[in-house]
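Engineer: One file is attached below, input_2.txt, containing compact mmCIF, C-alpha atoms.
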# COMPACT_ATOMS: atom_id res chain seq x y z
CA MET A 1 -37.26 -6.92 -12.09
CA SER A 2 -39.29 -4.08 -10.57
CA PRO A 3 -37.56 -1.21 -8.78
CA ALA A 4 -39.03 -2.49 -5.53
CA GLY A 5 -37.16 -5.75 -6.00
CA ALA A 6 -33.87 -4.12 -7.04
CA LEU A 7 -32.82 -2.92 -3.61
CA PRO A 8 -32.27 -6.39 -2.06
CA GLU A 9 -30.10 -7.37 -5.04
CA ARG A 10 -27.94 -4.27 -4.60
CA GLN A 11 -27.80 -4.92 -0.87
CA GLU A 12 -26.66 -8.51 -1.49
CA ARG A 13 -23.92 -7.25 -3.80
CA LEU A 14 -22.66 -4.78 -1.21
CA ASP A 15 -22.83 -7.40 1.54
CA GLY A 16 -20.85 -9.80 -0.64
CA VAL A 17 -18.14 -7.18 -1.13
CA THR A 18 -18.01 -6.50 2.60
CA VAL A 19 -17.67 -10.21 3.40
CA PHE A 20 -15.00 -10.61 0.69
CA VAL A 21 -12.92 -7.73 2.08
CA GLU A 22 -13.15 -9.14 5.61
CA VAL A 23 -12.12 -12.64 4.44
CA VAL A 24 -9.01 -11.14 2.84
CA ARG A 25 -8.22 -8.86 5.80
CA LEU A 26 -8.59 -11.62 8.39
CA GLY A 27 -6.96 -14.36 6.33
CA GLY A 28 -9.74 -16.90 6.03
CA PHE A 29 -13.43 -17.79 6.08
CA ALA A 30 -13.45 -18.94 9.71
CA ARG A 31 -12.05 -15.71 11.16
CA ALA A 32 -14.29 -13.62 8.93
CA SER A 33 -17.35 -15.55 10.05
CA GLU A 34 -16.48 -14.96 13.71
CA HIS A 35 -15.86 -11.25 13.14
CA LEU A 36 -19.05 -10.73 11.11
CA GLY A 37 -21.26 -12.91 13.32
CA LEU A 38 -22.07 -15.28 10.46
CA THR A 39 -21.71 -19.01 10.09
CA ARG A 40 -18.75 -20.25 8.07
CA SER A 41 -21.26 -21.78 5.66
CA ALA A 42 -22.89 -18.38 5.12
CA VAL A 43 -19.51 -16.81 4.39
CA GLY A 44 -18.63 -19.61 1.96
CA LYS A 45 -21.97 -19.24 0.16
CA ALA A 46 -21.55 -15.47 -0.07
CA MET A 47 -18.15 -15.96 -1.70
CA ALA A 48 -19.52 -18.61 -4.05
CA ARG A 49 -22.31 -16.25 -5.17
CA LEU A 50 -19.78 -13.44 -5.65
CA GLU A 51 -17.50 -15.66 -7.77
CA ALA A 52 -20.50 -16.86 -9.81
CA ARG A 53 -21.62 -13.27 -10.44
CA LEU A 54 -18.10 -12.23 -11.47
CA ALA A 55 -17.56 -15.46 -13.44
CA THR A 56 -14.08 -15.86 -11.98
CA ARG A 57 -12.34 -17.56 -9.08
CA LEU A 58 -11.24 -15.14 -6.37
CA PHE A 59 -9.47 -17.57 -4.03
CA HIS A 60 -7.05 -20.46 -4.19
CA ARG A 61 -8.60 -22.79 -1.62
CA THR A 62 -6.74 -25.36 0.45
CA THR A 63 -7.78 -27.17 3.63
CA ARG A 64 -6.15 -24.48 5.78
CA VAL A 65 -5.62 -21.30 3.75
CA GLN A 66 -7.55 -19.15 1.29
CA SER A 67 -5.19 -17.04 -0.84
CA LEU A 68 -6.17 -14.60 -3.57
CA THR A 69 -5.91 -15.42 -7.24
CA ASP A 70 -4.62 -12.73 -9.60
CA ASP A 71 -8.23 -11.77 -10.41
CA GLY A 72 -9.01 -11.79 -6.69
CA GLN A 73 -6.14 -9.41 -5.98
CA ILE A 74 -7.32 -6.98 -8.65
CA TYR A 75 -10.93 -7.14 -7.43
CA HIS A 76 -9.81 -6.67 -3.83
CA GLU A 77 -7.95 -3.47 -4.70
CA HIS A 78 -11.05 -2.09 -6.43
CA CYS A 79 -13.27 -3.06 -3.49
CA LEU A 80 -10.97 -1.26 -1.05
CA ARG A 81 -11.06 1.87 -3.17
CA ALA A 82 -14.86 1.74 -3.47
CA LEU A 83 -15.36 1.25 0.26
CA ALA A 84 -12.85 4.01 0.99
CA GLU A 85 -14.75 6.36 -1.33
CA MET A 86 -17.98 5.52 0.54
CA GLN A 87 -16.31 6.17 3.89
CA THR A 88 -14.95 9.47 2.59
CA ALA A 89 -18.41 10.47 1.35
CA GLU A 90 -19.93 9.64 4.73
CA ALA A 91 -17.22 11.62 6.49
CA GLN A 92 -17.84 14.57 4.18
CA MET A 93 -21.55 14.41 4.99
CA GLU A 94 -20.61 14.50 8.65
CA SER A 95 -18.22 17.39 8.02
CA GLY A 96 -21.17 19.34 6.66
CA ARG A 97 -22.75 19.04 10.08
CA HIS A 98 -19.59 19.42 12.15
CA GLU A 99 -16.79 21.75 11.13
CA VAL A 100 -13.40 20.14 10.65
CA ALA A 101 -11.15 22.15 12.91
CA GLY A 102 -8.14 21.77 15.16
CA ARG A 103 -4.58 20.62 14.73
CA LEU A 104 -3.44 17.47 12.95
CA ARG A 105 0.23 16.57 13.44
CA ALA A 106 1.52 13.97 11.00
CA THR A 107 4.91 12.34 10.47
CA MET A 108 5.91 10.56 7.27
CA PRO A 109 8.92 9.41 5.20
CA VAL A 110 10.61 12.24 3.34
CA LEU A 111 10.16 11.29 -0.32
CA PHE A 112 6.93 9.31 -0.06
CA GLY A 113 5.53 12.06 2.14
CA ARG A 114 6.56 14.93 -0.08
CA HIS A 115 5.54 13.40 -3.42
CA CYS A 116 2.53 11.27 -2.48
CA VAL A 117 1.06 12.05 0.95
CA ALA A 118 1.50 15.80 1.40
CA PRO A 119 -0.44 16.86 -1.74
CA ILE A 120 -3.49 14.92 -0.51
CA LEU A 121 -3.33 16.37 3.00
CA LEU A 122 -2.69 19.88 1.75
CA ASP A 123 -5.76 19.60 -0.47
CA LEU A 124 -7.72 18.51 2.61
CA ALA A 125 -6.47 21.63 4.42
CA ARG A 126 -7.53 23.77 1.46
CA GLN A 127 -11.05 22.33 1.68
CA ASN A 128 -11.22 22.86 5.45
CA PRO A 129 -9.95 26.34 6.37
CA LEU A 130 -10.16 25.68 10.13
CA LEU A 131 -7.90 22.63 9.95
CA GLU A 132 -4.37 23.20 11.25
CA LEU A 133 -1.91 20.92 9.49
CA HIS A 134 1.57 20.27 10.91
CA LEU A 135 3.59 17.91 8.68
CA SER A 136 6.95 16.43 9.68
CA PHE A 137 9.17 14.60 7.16
CA ASN A 138 11.57 12.08 8.65
CA ASP A 139 12.93 8.76 7.43
CA GLN A 140 13.46 7.63 11.02
CA HIS A 141 10.61 5.98 12.89
CA VAL A 142 9.61 8.52 15.51
CA ASP A 143 7.79 7.62 18.72
CA VAL A 144 4.26 8.66 17.81
CA LEU A 145 2.92 8.68 21.36
CA ALA A 146 5.95 10.24 23.03
CA GLU A 147 6.25 13.03 20.46
CA GLY A 148 2.55 13.78 20.32
CA PHE A 149 1.81 12.94 16.70
CA ASP A 150 -1.79 12.32 15.66
CA LEU A 151 -0.86 10.36 12.53
CA ALA A 152 2.14 8.46 11.20
CA ILE A 153 2.68 7.09 7.70
CA ARG A 154 4.88 3.99 7.55
CA CYS A 155 6.14 2.04 4.55
CA GLY A 156 7.21 -1.57 5.02
CA ALA A 157 6.43 -4.20 7.61
CA LEU A 158 5.09 -2.93 10.92
CA GLY A 159 7.35 -3.67 13.87
CA PRO A 160 7.22 -3.41 17.66
CA GLU A 161 7.15 0.37 17.40
CA SER A 162 3.52 0.11 16.22
CA GLU A 163 2.36 -1.29 19.59
CA GLY A 164 -0.24 0.92 21.22
CA LEU A 165 -1.29 2.28 17.84
CA ARG A 166 -4.11 1.53 15.47
CA ALA A 167 -3.20 0.78 11.86
CA ARG A 168 -4.94 0.92 8.51
CA LYS A 169 -3.43 -0.17 5.24
CA LEU A 170 -3.33 2.69 2.76
CA VAL A 171 -1.80 1.26 -0.40
CA GLU A 172 0.73 -1.18 -1.82
CA GLN A 173 3.82 0.34 -3.39
CA ARG A 174 5.00 -1.61 -6.39
CA LYS A 175 8.79 -1.87 -6.54
CA VAL A 176 10.94 -2.50 -9.58
CA VAL A 177 14.52 -3.57 -10.20
CA CYS A 178 15.90 -1.18 -12.79
CA ALA A 179 19.08 0.04 -14.47
CA SER A 180 20.12 2.29 -17.32
CA PRO A 181 20.19 0.94 -20.90
CA ALA A 182 23.96 1.59 -20.99
CA TYR A 183 24.56 -0.48 -17.87
CA LEU A 184 22.50 -3.38 -19.23
CA ALA A 185 24.30 -3.21 -22.57
CA ALA A 186 27.65 -3.44 -20.79
CA ARG A 187 26.80 -5.95 -18.06
CA GLY A 188 23.87 -7.89 -19.44
CA ARG A 189 20.28 -8.18 -18.25
CA PRO A 190 19.65 -10.46 -15.24
CA LEU A 191 16.93 -13.02 -15.95
CA ASN A 192 16.18 -14.03 -12.37
CA LYS A 193 17.14 -12.95 -8.88
CA ALA A 194 19.91 -15.56 -8.67
CA GLU A 195 21.76 -13.67 -11.41
CA LEU A 196 21.74 -10.41 -9.43
CA ALA A 197 24.81 -11.56 -7.50
CA GLY A 198 26.96 -10.94 -10.56
CA HIS A 199 25.95 -7.31 -10.87
CA SER A 200 26.78 -3.97 -9.31
CA ILE A 201 24.06 -3.24 -6.77
CA LEU A 202 22.93 0.09 -5.33
CA LEU A 203 21.76 -0.42 -1.75
CA TYR A 204 19.70 1.75 0.56
CA ARG A 205 21.15 2.19 4.03
CA ARG A 206 19.34 4.00 6.82
CA ALA A 207 20.19 4.27 10.52
CA ASP A 208 23.16 1.92 10.06
CA ARG A 209 20.88 -0.78 8.63
CA ILE A 210 21.11 -1.97 5.04
CA HIS A 211 17.69 -2.59 3.55
CA VAL A 212 17.90 -6.06 2.06
CA TRP A 213 16.07 -6.55 -1.22
CA GLN A 214 12.97 -8.66 -0.63
CA LEU A 215 12.11 -10.26 -3.94
CA PRO A 216 9.70 -13.08 -4.77
CA ASP A 217 10.96 -16.37 -6.16
CA ALA A 218 9.40 -18.17 -9.11
CA THR A 219 6.47 -19.29 -6.90
CA GLY A 220 5.80 -15.77 -5.64
CA ARG A 221 7.17 -16.35 -2.14
CA ILE A 222 8.89 -13.23 -0.78
CA GLY A 223 12.33 -13.72 0.70
CA ASP A 224 15.48 -11.78 1.50
CA THR A 225 17.94 -11.47 -1.36
CA PRO A 226 21.31 -10.75 0.29
CA LEU A 227 23.51 -8.69 -2.02
CA SER A 228 26.78 -6.87 -1.49
CA SER A 229 27.57 -3.38 -2.73
CA ARG A 230 30.32 -0.79 -2.69
CA LEU A 231 27.71 1.98 -2.93
CA LEU A 232 25.48 2.48 0.12
CA LEU A 233 23.17 5.51 0.00
CA ASP A 234 20.54 6.79 2.43
CA ASP A 235 18.50 8.70 -0.14
CA LEU A 236 16.27 6.95 -2.68
CA GLU A 237 16.41 9.77 -5.23
CA THR A 238 20.21 9.59 -5.18
CA ILE A 239 19.97 5.86 -5.79
CA ALA A 240 17.74 6.56 -8.80
CA ASP A 241 20.28 9.13 -10.03
CA ALA A 242 23.11 6.60 -9.61
CA ALA A 243 21.16 3.96 -11.53
CA ALA A 244 20.50 6.43 -14.36
CA ALA A 245 24.24 7.17 -14.39
CA SER A 246 24.91 3.47 -15.11
CA LEU A 247 26.42 2.70 -11.69
CA GLY A 248 24.34 -0.38 -11.07
CA LEU A 249 20.98 -2.01 -10.48
CA ALA A 250 18.49 -0.37 -8.11
CA TRP A 251 15.35 -1.64 -6.36
CA LEU A 252 13.00 1.32 -6.06
CA PRO A 253 9.33 2.26 -5.74
CA GLU A 254 7.78 2.42 -9.18
CA TRP A 255 6.21 5.85 -8.52
CA LEU A 256 9.67 7.30 -7.85
CA VAL A 257 11.16 6.17 -11.17
CA ARG A 258 7.96 6.27 -13.26
CA GLU A 259 9.07 9.21 -15.41
CA ARG A 260 12.57 7.78 -15.96
CA LEU A 261 11.00 4.49 -17.05
CA ARG A 262 8.71 6.35 -19.45
CA THR A 263 11.56 8.30 -21.01
CA GLY A 264 13.88 5.28 -21.17
CA ALA A 265 16.49 6.71 -18.81
CA LEU A 266 15.89 3.57 -16.75
CA VAL A 267 14.69 0.13 -17.81
CA SER A 268 12.96 -2.35 -15.52
CA VAL A 269 14.29 -5.92 -15.39
CA LEU A 270 12.94 -9.21 -14.06
CA ASP A 271 9.59 -8.21 -15.60
CA ASP A 272 8.61 -11.84 -16.20
CA GLN A 273 9.17 -12.67 -12.53
CA PRO A 274 6.50 -12.19 -9.81
CA GLY A 275 6.35 -8.56 -8.71
CA ALA A 276 7.37 -7.16 -5.34
CA THR A 277 5.30 -4.75 -3.27
CA MET A 278 5.61 -2.85 0.00
CA ASP A 279 2.62 -2.08 2.19
CA CYS A 280 2.06 1.45 3.47
CA HIS A 281 0.02 2.05 6.61
CA ALA A 282 -1.49 4.90 8.56
CA LEU A 283 -0.91 4.66 12.31
CA TRP A 284 -2.54 6.67 15.06
CA PRO A 285 -2.94 6.45 18.85
CA ASN A 286 -5.42 3.83 20.00
CA ALA A 287 -8.22 5.82 21.59
CA PRO A 288 -11.99 5.28 21.95
CA HIS A 289 -12.79 8.32 19.80
CA MET A 290 -11.22 9.07 16.42
CA PRO A 291 -11.34 12.83 15.74
CA LEU A 292 -13.14 13.82 12.57
CA ARG A 293 -10.05 15.58 11.19
CA LEU A 294 -8.00 12.39 11.62
CA ARG A 295 -10.67 10.16 10.10
CA LEU A 296 -11.02 12.47 7.10
CA ALA A 297 -7.26 12.48 6.58
CA VAL A 298 -6.96 8.68 6.68
CA ASP A 299 -10.01 8.19 4.45
CA ALA A 300 -8.62 10.66 1.92
CA LEU A 301 -5.30 8.83 1.81
CA VAL A 302 -6.97 5.43 1.37
CA ALA A 303 -9.12 6.77 -1.46
CA GLN A 304 -6.48 8.76 -3.33
CA LEU A 305 -3.07 7.16 -2.80
CA PRO A 306 -3.74 4.21 -5.16
CA ARG A 307 -4.42 6.68 -7.98
CA VAL A 308 -1.28 8.67 -7.15
CA LEU A 309 0.98 5.62 -7.05
CA HIS A 310 -0.51 3.63 -9.90
CA ALA A 311 -1.28 6.38 -12.40
Can you give me the file's structure in the form of structure tokens?
Structural biologist:
Amino acid sequence: MSPAGALPERQERLDGVTVFVEVVRLGGFARASEHLGLTRSAVGKAMARLEARLATRLFHRTTRVQSLTDDGQIYHEHCLRALAEMQTAEAQMESGRHEVAGRLRATMPVLFGRHCVAPILLDLARQNPLLELHLSFNDQHVDVLAEGFDLAIRCGALGPESEGLRARKLVEQRKVVCASPAYLAARGRPLNKAELAGHSILLYRRADRIHVWQLPDATGRIGDTPLSSRLLLDDLETIADAAAASLGLAWLPEWLVRERLRTGALVSVLDDQPGATMDCHALWPNAPHMPLRLRLAVDALVAQLPRVLHA
């Protein structure tokens, strides 16, 4: 094919990716077609061409729902990263024409913020000397509007406190159930979530609320897994320490215990069961104009957090 004919093919590939991402985001072909101003048939054909080009099925299709296959989930994550990189590049081009300046106030969870978010934002501040960065670390959900924050990072399901805010998904945190080799040698390795009830459990408690483990069953459906414990802790690193000290099973973000898993201080269990994840979002006040400094920060987090968490 001549170079003159190559551009439409590349354009079709990019359009197919855009349609695919919108189908996933909106939960179906019909909603995506309405949002994109296309017919449902056009959306369906775009997805069929994309699947044919990739030689794999991206969706489980039923009469009412389109859900991602395993290959579809992997491809979706790569598409999000690629689009985020493009958005970041465009924002950087804009930053060459308009200086990034002013104050950006951000609130975030303590550990996730310190280990994962702050390094990215601090690097952004290094690249933009006129950017004022005010970071607040708090495991409580602060009132973004009342306290004047420009940006909030939230992990877990969004609740009523997100009303009046815009949200963008940043990354999925993979979570693992883990314990020390000594604990497993003494108490045995649970083979499914039903067997967790017979074990010592380390639970996270914050603001007088115990965070119930939300684990998938054999079909992948996420559901609460009520468990009792004599050890309630409000710090995830302390829970990891307690698990390494053979005090019980812990359910923790994989990035937090990655090094302990590598060294063998902790061992993951239920590995042959469907995995559990937790969504992380960026939230900011809903306003007609998104300041360049805020857009750059969110784009940088979307582009870089997957590499930080899944290294």
Engineer: I want to know what sits within 12 Å of stretch 228-231 of chain A, based on all atoms listed in the file, with residues of the same chain fewer than 4 positions away left out; could you give that as a ChimeraX atom specification?
Structural biologist: /A:196-205,210-213,235,238-239,242-243,247-250
Engineer: Leaving out A:Ala297 and any residue of its chain fewer than 4 positions from it, which residues lie within 12 Å of it when counting all atoms listed in the file, given as an MDAnalysis selection string?
Structural biologist: chainID A and resid 84 87:88 91:92 100 103:106 117:125 127:128 131 133 150:153 168 170 282:284 290:293 301:305
Engineer: At a cut-off of 9 Å, using only C-alpha atoms, what residues contact A:Cys178? Leave out same-chain residues fewer than 4 positions from it and give the result as a PyMOL selection string.
Structural biologist: chain A and resi 240+243+248-252+257+261+266-270
Engineer: Would you mind telling me which residue in A:Ser67, A:Thr56, A:Thr107, A:Asn192 lies nearest to A:Arg154 when using only C-alpha atoms?
Structural biologist: A:Thr107
Engineer: Go ahead and compute the interatomic distance for atom CA of A:Phe59 and atom CA of A:Ala157, in Å to one decimal.
Structural biologist: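 Those two atoms sit 23.8 Å apart.
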Engineer: Rounded to one decimal place, report the atom CA of A:Gly113-atom CA of A:Leu135 distance in Å.
Structural biologist: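 Atom-to-atom, atom CA of A:Gly113 to atom CA of A:Leu135, that is 9.0 Å.
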Engineer: If you count all atoms listed in the file, which residues fall within 10 Å of A:Leu158, apart from same-chain ones fewer than 4 positions away, as a PyMOL selection string?
Structural biologist: chain A and resi 154+162-163+167+279-281+283
Engineer: Can you tell me how far atom CA of A:Glu172 sits from atom CA of A:Cys155, in Å to one decimal?
Structural biologist: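 Atom CA of A:Cys155 lies at a distance of 9.0 Å from atom CA of A:Glu172.
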Engineer: Assuming 4 Å of padding per side, give the centre and edge lengths of the axis-aligned box around every listed atom of stretch 162-176 of chain A, in Å to one decimal and as lines of an AutoDock Vina configuration file.
Structural biologist:
center_x = 3.0
center_y = 0.1
center_z = 5.8
size_x = 23.9
size_y = 13.2
size_z = 38.8
Engineer: Have a look at A:Asp299, A:Arg209, A:Val19, A:Leu26 and name the one nearest to A:Leu38; count all atoms listed in the file.
Structural biologist: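 Ranking A:Asp299, A:Arg209, A:Val19, A:Leu26 by distance to A:Leu38, first place goes to A:Val19.
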Engineer: Check the smallest atom-to-atom distance from each of A:Ser180, A:Ser33, A:Gln66, A:Gln273 to A:Asp241 using only C-alpha atoms, then report the winner.
Structural biologist: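 Of A:Ser180, A:Ser33, A:Gln66, A:Gln273, the one nearest A:Asp241 is A:Ser180, counting only C-alpha atoms.
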Engineer: Calculated over all atoms listed in the file, which of the candidates A:Ser246, A:Thr69, A:Gly27, A:Cys116 has the smallest distance to A:Ala186?
Structural biologist: A:Ser246
